[in-house]
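First up is the structure itself, then whatever we jot down about it.
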Amino acid sequence: MQSNDFIGDLWRLLTLADYNTRIVLFGAAILGFGAGIMGCFMMLRRRAMISDVVSHAALPGIVAAFIIMAGWPSGGKFLPLLLLGALISGLLGMGCVHVIKTYSHIKEDAALGIVLSVFFGLGVALLGIVQQMHVGSAAGLETFIYGKTASMLAADAWLMAGAAAVVVLICALFFKEFRLLCFDPEFAKSQGWPVHGLDILLTALVVLVTVIGLQAVGLILMIALLIIPPAAARFWTDRLVVMVMVSALIGAMGAVMGASVSALYPKLPAGAMIVIACSIIFAFSFMLGPRRGLIHGMVSQAALSNRIARQHLMRAIYECMEASSPERLEPYGKPALVSLHQLTASRGWSDRKVKELLHAAARDGEVEIEGWPMLRFTPEGLKHARTIVRNHRLWEWYMITHADVAPSHVDRNADEIEHVLGAAMVAELENSYAISSQSGGFPDSPHRLDIPMAETTTDKS
Amino acid sequence: MIWTEIDTWIVLTGVVTSMSCALIGNFLVVRRMSLMGDAISHAVLPGLAAAFILGGTRHPMPMFAGAVVAGLSTAFLTEWIHRKGRVEESSAMGVVFTTLFALGLILIVRAADTVDLDPSCVLYGSIELSPLDTLSVAGYDVPRSFVIGAGVLLLNAVLITLFYKELKISSFDPEAATAMGISARGMYYLVMALVAITTVASFESVGSILVIAMLIVPGASAHFMGVRLGSVIFWSLVIAALSAGGGHLAAITVPTWFGFPDTSTAGSMAVVSGLLFAGCFFFAPQRGVLTRWFAHRALKRRIVREDVLGSLYRWQEANPEPAPGPDMGVLHTRVGHSVVKLRHAVTALRKRKLIKAGTDLDIALTSDGVEKAGNIIRDHRLWEQYLHSKVKLPADHVHSTSEQLEHVTDPSIRKKLEKELEGARVDPHGRNIPQ
């Protein structure tokens with residue numbers, strides 16, 4: 001019976017059958033969308049916590065506006081005026097932060113904390129007075145702190161849509177300016193851009209979004225909507241345009257998910273559920289994001305260390321060949337055989353590790369195993385190994401001649417850098433080697449004698 | 001206004017609570033982590049809720065345990081997301097604390113049937129009701145929140161005294177602390193744990209917002225009063241206590257002016273602490289914004305006065321009496337400051353009887369004025385001689401530097417200059433140095 005009810009509820013939710021559900025989902029989505037856009041710029045400007053301060057600092061304005069209106073003959077609450085009060089006191093709070101930061105040695109974090117707590121304290125004190133007034137109902141003011149997502153009205157939703165439209169419009173118009181402001185404010189200043197004005201515009205937009213969202217979703221949720229979606233979007237892309245879009249999408253998605261769950265389970269508060277939905281998307285992005293995600297990081301780390309190990313292997317085989325049968329190094333005919341023991345001795349690797357690396361190399365067709373423990377390069381493998389060894393030695397040579405590193409120390413440094421040399425760098429190194437050595441040939445190892453000569457085996461084939 | 005025993009207990013509870021917050025809050029402020037106080041005070045909510053649900057009581061021990069776990073996880077998760085995901089630190093903090101707070105709200109709402117915990121009580125606190133819930137200590141009825149607040153204040157004081165050196169070094173210079181073998185991370189988490197404990201202890205009496213106010217505002221205000229950490233901590237405690245006392249007083253008096261009985265004590269305490277901050281910001285000796293502005297203006301005026309005196313001395317030197325002194329226009333061309341400033345300076349000098357009372361067409365020094373101006377000119381020419389003979393500046397380059405140095409030369413510097421120059425009697429331009 002109960003499961004039937006549940007499926008019925010789910011069906012009604014998915015088909016947006018209820019007018020109320022439609023309003024709530026639409027309003028939450030549009031708010032998440034606008035906040036997601038604004039949050040990006042605030043995060044990149046390193047001002048993420050400003051939304052926290054603004055939303056706390058708005059309270060005294062709201063309550064003061066209520067008190068003023070209570071004196072009017074008509075009484076009651078007039079939403080636009082409450083929002084105006086919130087806007088004014090939010091901006092006033094940001095102004096105080098600016099004054100404290102500019103004219104004293106107090107740091108920004110403390111200035112934010114001071115404004116947040118003192119303004120909110122003032123709001124609470126005013127609220128204490130309102131509760132003793134005999135006009136109207138002060139209960140509505142509490143929604144600014146906890147929100148009342150589930151009982152959103154059509155007018156609220158349209159207000160949010162209007163705010164979101166303003167945000168989208170201004171961000172589109174000033175996209176280039178905001179981008180420079182976020183990434184290089186010093187440069188923007190030197191180019192004669194009104195950095196201060198742009199900052200004020202950005203802050204004003206955040207205050208607008210925050211104030212509009214406050215009464216619908218509450219204080220903490222508003223902060224979450226401005227902070228979590230951009231932080232999650234950052235894991236998916238390095239481009240600002242894409243990030244802004246992804247963030248807006250995540251904000252909208254989280255809001256819809258949270259509001260839906262709360263519509264299905266009325267006991268769960270919608271505001272909190274939206275935060276949790278956003279956090280789940282954040283956790284998901286943190287794990288799987290292709291840019292800075294945890295799993296991506298681990299995979300690329302593993303790929304890099306595999307590549308480095310392979311290059312070490314190739315060079316080790318090449319150097320063993322060089323030591324035992326230098327005449328067979330030229331890329332004609334079959335390359336000489338090398339034994340496993342030579343390899344393990346030359347790099348200090350364990351047998352198991354060398355075998356693993358060799359199997360991987362054999363799969364890629366770079367090495368042929370001619371019955372353990374003998375192996376040889378394939379012609380392609382030899383060619384590849386020559387490139388690797390050449391890069392390594394070019395770098396060693398560069399370090400000795402230009403960076404004054406002792407020959408006994410260059411191997412280590414070269415080991416670290418050779419794997420990340422780009423083509424242009426190699427060409428440049430080759431060029432300068434050719435000029436200085438006047439031969440242009442294949443560079444010798446600067447410390448040939450270090451290469452172990454033990455267990456030399458002769459070519460049997 | 002009627003002051004009763006209840007009011008005394010409210011103030012005492014407020015004082016111990018806000019002092020314990022201010023004590024540990026100082027370390028948040030110097031570490032530039034003020035907003036971590038905000039984050040932790042929101043994020044302990046799920047810890048509290050879990051302790052309630054699991055324990056089913058409001059016994060303080062499980063509450064503290066839950067809060068410390070939640071507070072430390074906030075600090076830890078923030079650091080982890082910041083490091084592993086390269087998310088900017090304040091964003092990481094925002095993600096963590098809003099999530100934990102939402103989790104706490106859901107837990108509370110789910111458990112509302114079984115547990116008596118009201119989110120608005122967490123937000124605003126109910127210090128007004130605290131004297132009603134008493135414990136018996138040594139035969140006296142003492143409010144429970146006072147006992148808890150005093151206990152946490154003691155805990156903070158003991159731990160901060162024990163680890164004072166370590167906390168100080170690791171707050172200002174974590175690398176140096178690590179190099180000295182102090183665990184900077186350990187100290188970081190010690191601060192975070194104490195913040196969490198203090199926050200929870202204060203919730204019940206004053207609510208989360210006042211906690212943030214008391215963690216940060218006294219510590220920040222104290223930075224206008226002192227420089228060394230010890231004196232900053234002392235001043236922060238004074239400001240915290242004043243905020244608590246003044247806050248309650250304001251809560252029961254200010255609303256009566258407008259015809260209301262009273263308002264929230266917690267909110268008023270935050271407002272009073274804000275006013276105290278504003279007072280320190282503008283008027284603190286030496287570091288206040290207005291104080292510095294006045295000091296700067298006084299210095300600028302003294303410089304104009306000294307320039308006028310010096311100029312008059314040179315005039316007399318060039319035109320021996322009874323020639324008339326310069327008028328305001330001549331003074332302006334010779335000294336360079338604006339006429340308004342000069343007029344101000346001349347008036348001030350007349351008041352001090354350094355300039356003869358007369359018209360502005362004949363400005364001349366009195367005998368006191370001659371002595372004072374002689375000292376200024378002496379400093380000026382000593383500096384010129386010093387810069388020329390010791391620093392080896394060419395004679396035509398020494399004037400402007402000496403012009404600045406003459407205003408900041410005190411007797412001890414003058415004595416040193418005289419010793420260096422061994423009784424030089426003329427400046428590099430051949431003019432006499434007044435003795």
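In the structure tokens, the first chain shown is A, the next is B, and so on; residue numbers restart at 1 for each chain, and ligands run from 1 in the order shown.
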Check: Can you list, as a VMD selection string, every residue of region 189-354 of chain A that DSSP puts in helix (DSSP H, G or I)?
Finding: chain A and resid 189 to 190 195 to 217 219 to 233 240 to 264 270 to 288 294 to 324 326 to 328 340 to 347 351 to 354
Could you produce a table of the residues of chain A lying within 7 Å of chain B, with the nearest pair of atoms per residue and their separation in Å rounded to one decimal, using only C-alpha atoms, ordered by chain and increasing residue number, as a tab-separated table?
```
residue	atom	partner	partner_atom	distance
A:Met43	CA	B:Ser91	CA	6.7
A:Ala48	CA	B:Ser91	CA	5.6
A:Met49	CA	B:Ser90	CA	6.3
A:Tyr103	CA	B:Val289	CA	6.8
A:Ser104	CA	B:Val289	CA	6.9
A:Ile106	CA	B:Ala220	CA	6.9
A:Asp109	CA	B:Ser34	CA	5.5
A:Ala110	CA	B:Ser34	CA	5.3
A:Gly113	CA	B:Leu35	CA	5.9
A:Ile114	CA	B:Val217	CA	5.5
A:Ser117	CA	B:Ala213	CA	4.9
A:Val118	CA	B:Ala270	CA	5.2
A:Gly121	CA	B:Gly267	CA	4.0
A:Leu122	CA	B:Val271	CA	5.6
A:Val124	CA	B:Gly267	CA	5.1
A:Ala125	CA	B:Gly267	CA	4.6
A:Gly128	CA	B:Thr263	CA	4.6
A:Ile129	CA	B:Thr263	CA	5.4
A:Ile220	CA	B:Thr98	CA	6.3
A:Ala224	CA	B:Thr98	CA	5.7
A:Ile227	CA	B:Ser91	CA	6.1
A:Ile228	CA	B:Val95	CA	5.4
A:Ala231	CA	B:Val87	CA	6.7
A:Leu268	CA	B:Ile106	CA	6.4
A:Pro269	CA	B:Ile106	CA	6.7
A:Ala272	CA	B:Ala102	CA	4.5
A:Val275	CA	B:Thr99	CA	6.1
A:Ile276	CA	B:Thr99	CA	6.0
A:Ser279	CA	B:Thr99	CA	6.4
A:Phe286	CA	B:Gly85	CA	6.7
A:Arg292	CA	B:Gly85	CA	5.9
A:Gly293	CA	B:Gly85	CA	6.4
A:Leu294	CA	B:Gly85	CA	7.0
```
Next item on the list: With a distance cut-off of 10 Å and only C-alpha atoms, select the neighbouring residues of region 315-327 of chain B, excluding the residue or stretch itself and same-chain residues fewer than 5 positions from it, and output the selection as a list in words.
Entry: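 The contact residues come out as Leu309, Gly310, His332, Arg334, Thr359, Asp360, Leu361, Asp362, Ile363, Ala364, Leu365, Val370, Arg431 and Asn432 of chain B.
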Margin query: Could you list, as a count of residues only, every residue within 9 Å of region 17-29 of chain A, counting only C-alpha atoms and ignoring same-chain residues fewer than 2 positions away?
Written below: 36
Note to self: Counting only C-alpha atoms, which residue out of B:Cys280, B:Met225, B:Ile303, B:Val152 sits closest to Ala196 (chain B)?
What the structure shows: B:Val152
Item checked: Atom-to-atom span, CA of Ala163 (chain A) and CA of Val209 (chain A), Å ->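 Taking CA of Ala163 (chain A) as the start and CA of Val209 (chain A) as the end point, the length is 6.4 Å.
Checking A:Leu181, A:Val211, A:Met321, A:Val299 one by one against Leu87 (chain A), counting only C-alpha atoms, you find the shortest gap at A:Val211.
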Note to self: Considering only C-alpha atoms, can you say which of B:Ile355, B:Ile433, B:Val304, B:Val206 comes closest to Val340 (chain B)?
What the structure shows: B:Val304
Next item on the list: Do a neighbour search on Ala316 (chain A) at 10 Å with only C-alpha atoms, toss out local chain neighbours closer than 2 positions, and write the hits as JSON, numbers by chain.
Entry: {"A": [310, 311, 312, 313, 314, 318, 319, 320, 321, 322, 342, 343, 344, 345, 346, 347, 385, 389, 451]}
Next item on the list: Calculate how many Å separate CA of Val354 (chain A) from CA of Thr378 (chain A), rounding to one decimal.
Entry: 17.5 Å
Margin query: Env of region 372-383 of chain B: 7 Å cut, atoms = only C-alpha atoms, seq-sep filter 2 positions within chain, self excluded. Answer as a ChimeraX atom specification.
Written below: /B:309-310,313,368-370,385-387,402-403,406,414,417,427,433-434
Would you write out those residues with C-alpha atoms, as a compact mmCIF listing (two decimals), in the first residue's frame?
```txt
# COMPACT_ATOMS: atom_id res chain seq x y z
CA LEU B 309 60.76 79.84 12.54
CA GLY B 310 63.74 78.77 10.45
CA TYR B 313 65.85 83.25 11.57
CA ASP B 368 62.32 82.97 22.93
CA GLY B 369 61.65 82.57 19.22
CA VAL B 370 65.24 83.36 18.36
CA GLN B 385 77.90 69.66 7.55
CA TYR B 386 77.58 65.98 8.49
CA LEU B 387 76.17 64.97 5.10
CA SER B 402 68.64 68.31 6.06
CA GLU B 403 65.35 70.12 5.67
CA GLU B 406 65.84 68.89 11.15
CA ARG B 414 72.03 66.27 18.23
CA LEU B 417 76.12 64.88 15.60
CA ASP B 427 78.01 74.67 7.36
CA ILE B 433 76.13 77.26 12.90
CA PRO B 434 74.25 78.92 15.80
```
Check: What residues in region 258-435 of chain A get the DSSP label strand (DSSP E)? Please answer as a list of chain:residue names.
Finding: A:Val338, A:Ser339, A:Val367, A:Glu368, A:Ile369, A:Met374, A:Leu375, A:Arg376, A:Phe377
Can you write out the residues you just picked, keeping N, CA and C atoms, as a PDB file, in the first residue's frame?
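Output file selection.pdb follows:
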```pdb
ATOM      1  N   VAL A 338      70.758  -9.439 -25.059  1.00  0.00           N
ATOM      2  CA  VAL A 338      71.187  -8.952 -23.748  1.00  0.00           C
ATOM      3  C   VAL A 338      70.593  -9.881 -22.716  1.00  0.00           C
ATOM      4  N   SER A 339      71.273 -10.109 -21.603  1.00  0.00           N
ATOM      5  CA  SER A 339      70.685 -11.017 -20.609  1.00  0.00           C
ATOM      6  C   SER A 339      70.013 -10.240 -19.489  1.00  0.00           C
ATOM      7  N   VAL A 367      60.509  -5.212 -27.564  1.00  0.00           N
ATOM      8  CA  VAL A 367      61.535  -6.157 -27.127  1.00  0.00           C
ATOM      9  C   VAL A 367      61.083  -7.562 -27.518  1.00  0.00           C
ATOM     10  N   GLU A 368      62.030  -8.405 -27.929  1.00  0.00           N
ATOM     11  CA  GLU A 368      61.714  -9.816 -28.163  1.00  0.00           C
ATOM     12  C   GLU A 368      62.410 -10.634 -27.092  1.00  0.00           C
ATOM     13  N   ILE A 369      61.685 -11.598 -26.547  1.00  0.00           N
ATOM     14  CA  ILE A 369      62.313 -12.445 -25.543  1.00  0.00           C
ATOM     15  C   ILE A 369      62.696 -13.736 -26.229  1.00  0.00           C
ATOM     16  N   MET A 374      67.465 -14.435 -22.051  1.00  0.00           N
ATOM     17  CA  MET A 374      68.013 -13.626 -23.134  1.00  0.00           C
ATOM     18  C   MET A 374      66.904 -12.844 -23.837  1.00  0.00           C
ATOM     19  N   LEU A 375      67.244 -11.627 -24.271  1.00  0.00           N
ATOM     20  CA  LEU A 375      66.241 -10.799 -24.946  1.00  0.00           C
ATOM     21  C   LEU A 375      66.956  -9.855 -25.880  1.00  0.00           C
ATOM     22  N   ARG A 376      66.225  -9.283 -26.784  1.00  0.00           N
ATOM     23  CA  ARG A 376      66.808  -8.289 -27.688  1.00  0.00           C
ATOM     24  C   ARG A 376      65.744  -7.296 -28.108  1.00  0.00           C
ATOM     25  N   PHE A 377      66.230  -6.127 -28.598  1.00  0.00           N
ATOM     26  CA  PHE A 377      65.305  -5.132 -29.148  1.00  0.00           C
ATOM     27  C   PHE A 377      64.730  -5.616 -30.459  1.00  0.00           C
TER      28      PHE A 377
END
```
